[in-house]
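Asker: Sending over a structure as structure tokens; questions will come in a sec.
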Amino acid sequence: MSDEQNQSFELPPDIEEEIQLTHADKLVGVFTEPTKTFEKMAKETTKFYDWFLPLLLLIVITNAAVIILMTNPQIKYAVQEKTVSQIQNQYDEMVQKGQMSKEQADEQIEKIRDQFDKAGQGQRIIGIITSAVGIFIMFFIVSGVFFLFAKFALKGDGTYQHAMTAYGLPMYVFSIQWILIVIIGLTVGKMYLDTSVTSFMDLDKSTFVGFILSKLDLFSIWFYWLIAVAFAKLFKSDQLTKYVVMVFGVWLGFSVLFYWLGLVVPFIKFFTGNM
């Protein structure tokens, strides 16, 4: 076959650039070439599944990981005892303040232990649904916060859909993290919720020191760095440093804010665990 015939099968450069990235291309690109991947995505129309699929996978893997870990008797017992101990401490404080009697506190603890023993499939399903709803709520809120900073503070040229993609696509990192958590947890017979210094040093995350050290997590740092790259490229900016400062500032700043709010309203901690 002649050179002229060979050349006829090659796509012109301008046509090659118009070829749309598949979601598989974006998934691989987030890990191998995040800057180039998000640069190409900035030239395309935002896709619903670019944030939905990573978020859905994270919800599935997270719940599957917890179920797998809790099938280990050693881990299950340790989790139950830790939970009971935390509740016991709260009741002890209430007893000291005269808000309930010692007998009432002991009765409530026994009821909690019975609930653990009788926990069935129905409660697991409710837990999965509650977890999924919480993750989705926080996703939309956090995406909105990042969007406001990128759009108005940094004057970026992007939409809320771009913000959802920039925050959502890097969540594949956390799916890998949870797979690693399962492997480590089953190996050492212990429940982990992240791969931070706090978890591996067995520190109390409810203390401020434990909370700060919980942010020293390679997967979390990697995740937020990818978000910074995504926002810089999808909002059409060459000033990556500004977006790195913005993303890490928002992450750490709001984490501290919600930490203090969580001390006043403990229910808030449920919704902010993945921020």
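Please note that chains go A, B, ... in the order of the structure tokens, that every chain numbers its residues from 1, and that ligands are numbered from 1 in the order shown.
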I'd like the contact shell of segment 21-24 of chain A - 12 Å cut-off, only C-alpha atoms, skipping same-chain residues fewer than 4 positions apart - returned as an MDAnalysis selection string.
Answerer: chainID A and resid 16:17 28:31 36:54 165 169 172
Asker: List the neighbours of Phe200 of chain A out to 12 Å using only C-alpha atoms; skip same-chain residues closer than 4 positions along the sequence, and give me the result as a list in words.
Answerer: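 Using only C-alpha atoms, the neighbours found are Ile181, Ile184, Gly185, Val188, Lys190, Met191, Tyr192, Leu193, Asp194, Thr195, Ser196, Asp204, Lys205, Gly210, Leu213, Ser214, Leu216 and Asp217 of chain A.
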Asker: Could you dump the residues just selected with C-alpha atoms as a PDB file, in the first residue's frame?
Answerer:
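Below you can see result-v3.pdb, which holds the result:
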```pdb
ATOM      1  CA  ILE A 181      -9.219   0.589  54.370  1.00  0.00           C
ATOM      2  CA  ILE A 184      -5.923  -2.915  56.309  1.00  0.00           C
ATOM      3  CA  GLY A 185      -8.923  -3.299  58.620  1.00  0.00           C
ATOM      4  CA  VAL A 188      -5.231  -5.927  61.713  1.00  0.00           C
ATOM      5  CA  LYS A 190      -9.701  -2.944  63.444  1.00  0.00           C
ATOM      6  CA  MET A 191     -12.253  -0.518  62.034  1.00  0.00           C
ATOM      7  CA  TYR A 192     -10.846   2.507  60.200  1.00  0.00           C
ATOM      8  CA  LEU A 193     -12.895   5.317  58.673  1.00  0.00           C
ATOM      9  CA  ASP A 194      -9.955   6.990  56.931  1.00  0.00           C
ATOM     10  CA  THR A 195      -6.195   6.682  56.464  1.00  0.00           C
ATOM     11  CA  SER A 196      -5.193   9.674  58.558  1.00  0.00           C
ATOM     12  CA  ASP A 204      -9.594  10.671  69.687  1.00  0.00           C
ATOM     13  CA  LYS A 205     -10.969  12.635  66.743  1.00  0.00           C
ATOM     14  CA  GLY A 210      -7.117  14.536  66.955  1.00  0.00           C
ATOM     15  CA  LEU A 213      -4.252  15.327  62.701  1.00  0.00           C
ATOM     16  CA  SER A 214      -7.207  13.685  60.948  1.00  0.00           C
ATOM     17  CA  LEU A 216      -3.084  14.651  57.619  1.00  0.00           C
ATOM     18  CA  ASP A 217      -4.313  12.026  55.208  1.00  0.00           C
TER      19      ASP A 217
END
```
Asker: Where does DSSP see helix (DSSP H, G or I) in segment 71-227 of chain A, if you list the residues as a PyMOL selection string?
Answerer: chain A and resi 73-96+102-118+121-153+160-188+197-200+208-213+218-227
Asker: When you draw a straight line from atom CA of Leu226 of chain A to atom CA of Lys242 of chain A, how long is it in Å?
Answerer: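 A separation of 13.7 Å between them.
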Asker: Tell me which protein, DNA and RNA residues are within 12 Å of segment 113-115 of chain A, counting only C-alpha atoms, leaving out same-chain ones fewer than 3 positions away, and put them as a PyMOL selection string.
Answerer: chain A and resi 77+79-85+87-88+106-110+118-120+123
Asker: Write out the residues from the selection above, keeping N, CA and C atoms, as a compact mmCIF listing (two decimals), in the first residue's frame.
Answerer:
```
# COMPACT_ATOMS: atom_id res chain seq x y z
N TYR A 77 -17.25 -6.21 67.58
CA TYR A 77 -17.27 -6.06 69.04
C TYR A 77 -16.59 -4.76 69.46
N VAL A 79 -16.19 -1.99 67.72
CA VAL A 79 -17.00 -0.83 67.32
C VAL A 79 -18.16 -0.64 68.31
N GLN A 80 -18.81 -1.74 68.66
CA GLN A 80 -19.93 -1.65 69.60
C GLN A 80 -19.49 -1.14 70.96
N GLU A 81 -18.37 -1.66 71.45
CA GLU A 81 -17.88 -1.24 72.76
C GLU A 81 -17.45 0.22 72.76
N LYS A 82 -16.86 0.67 71.65
CA LYS A 82 -16.44 2.07 71.55
C LYS A 82 -17.66 2.98 71.54
N THR A 83 -18.69 2.56 70.80
CA THR A 83 -19.92 3.35 70.73
C THR A 83 -20.59 3.43 72.09
N VAL A 84 -20.69 2.28 72.76
CA VAL A 84 -21.30 2.25 74.08
C VAL A 84 -20.51 3.10 75.07
N SER A 85 -19.18 3.04 74.97
CA SER A 85 -18.32 3.83 75.87
C SER A 85 -18.56 5.33 75.69
N ILE A 87 -21.31 6.77 74.53
CA ILE A 87 -22.63 7.09 75.07
C ILE A 87 -22.62 7.07 76.59
N GLN A 88 -21.86 6.12 77.15
CA GLN A 88 -21.75 6.02 78.61
C GLN A 88 -21.15 7.29 79.19
N ASP A 106 -28.00 3.46 83.45
CA ASP A 106 -27.68 2.04 83.29
C ASP A 106 -28.75 1.33 82.45
N GLU A 107 -30.00 1.72 82.64
CA GLU A 107 -31.10 1.12 81.89
C GLU A 107 -30.99 1.45 80.40
N GLN A 108 -30.62 2.70 80.10
CA GLN A 108 -30.48 3.11 78.70
C GLN A 108 -29.31 2.38 78.03
N ILE A 109 -28.23 2.20 78.76
CA ILE A 109 -27.06 1.49 78.22
C ILE A 109 -27.42 0.05 77.89
N GLU A 110 -28.20 -0.58 78.76
CA GLU A 110 -28.61 -1.95 78.51
C GLU A 110 -29.50 -2.04 77.26
N LYS A 118 -29.77 -7.09 68.45
CA LYS A 118 -30.96 -7.38 67.63
C LYS A 118 -30.93 -6.68 66.28
N ALA A 119 -29.86 -5.95 66.02
CA ALA A 119 -29.78 -5.20 64.76
C ALA A 119 -29.93 -6.14 63.58
N GLY A 120 -30.87 -5.84 62.69
CA GLY A 120 -31.14 -6.72 61.56
C GLY A 120 -30.95 -6.04 60.22
N GLN A 123 -32.44 -2.39 59.72
CA GLN A 123 -31.65 -1.28 60.24
C GLN A 123 -30.46 -0.98 59.34
```
Asker: Of the candidates A:Met100, A:Ile212, A:Val247, A:Val60, which shows the shortest atom-to-atom distance to Ala230 of chain A, using only C-alpha atoms?
Answerer: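 Ranking A:Met100, A:Ile212, A:Val247, A:Val60 by distance to Ala230 of chain A, first place goes to A:Val247.
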Asker: Let me make sure I understand: among A:Gly189, A:Thr159, A:Ser237, A:Val264, which one has the smallest atom-to-atom distance to Ala78 of chain A if we use only C-alpha atoms?
Answerer: A:Gly189
Asker: Closest to Leu186 of chain A among A:Ala132, A:Gln99, A:Leu69, A:Thr32, using only C-alpha atoms?
Answerer: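 Closest candidate: A:Leu69.
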Asker: Using only C-alpha atoms, which protein or nucleic acid residues come within 10 Å of Phe136 of chain A? Drop anything in the same chain fewer than 6 positions from it, and give the result as a list in words.
Answerer: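 That gives Phe52, Leu55, Leu56, Ile59, Val142 and Phe271 of chain A.
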Asker: Give me, please, the distance in Å between atom CA of Gln161 of chain A and atom CA of Lys236 of chain A, quoted to one decimal.
Answerer: 14.1 Å
Asker: Tell me which protein, DNA and RNA residues are within 8 Å of Tyr259 of chain A, counting only C-alpha atoms, leaving out same-chain ones fewer than 3 positions away, and put them as number ranges by chain.
Answerer: A: 211, 255-256, 262-263, 269
Asker: Those same residues - C-alpha atoms - I'd like them written as a short mmCIF file (atom, residue, chain, number, x, y, z; two decimals), in the first residue's frame.
Answerer:
```cif
data_model
loop_
_atom_site.label_atom_id
_atom_site.label_comp_id
_atom_site.auth_asym_id
_atom_site.auth_seq_id
_atom_site.Cartn_x
_atom_site.Cartn_y
_atom_site.Cartn_z
CA PHE A 211 -9.30 16.53 64.60
CA SER A 255 -13.76 21.84 58.65
CA VAL A 256 -12.70 23.86 61.70
CA GLY A 262 -20.46 19.92 66.01
CA LEU A 263 -19.53 20.39 69.65
CA LYS A 269 -21.00 15.75 62.49
#
```
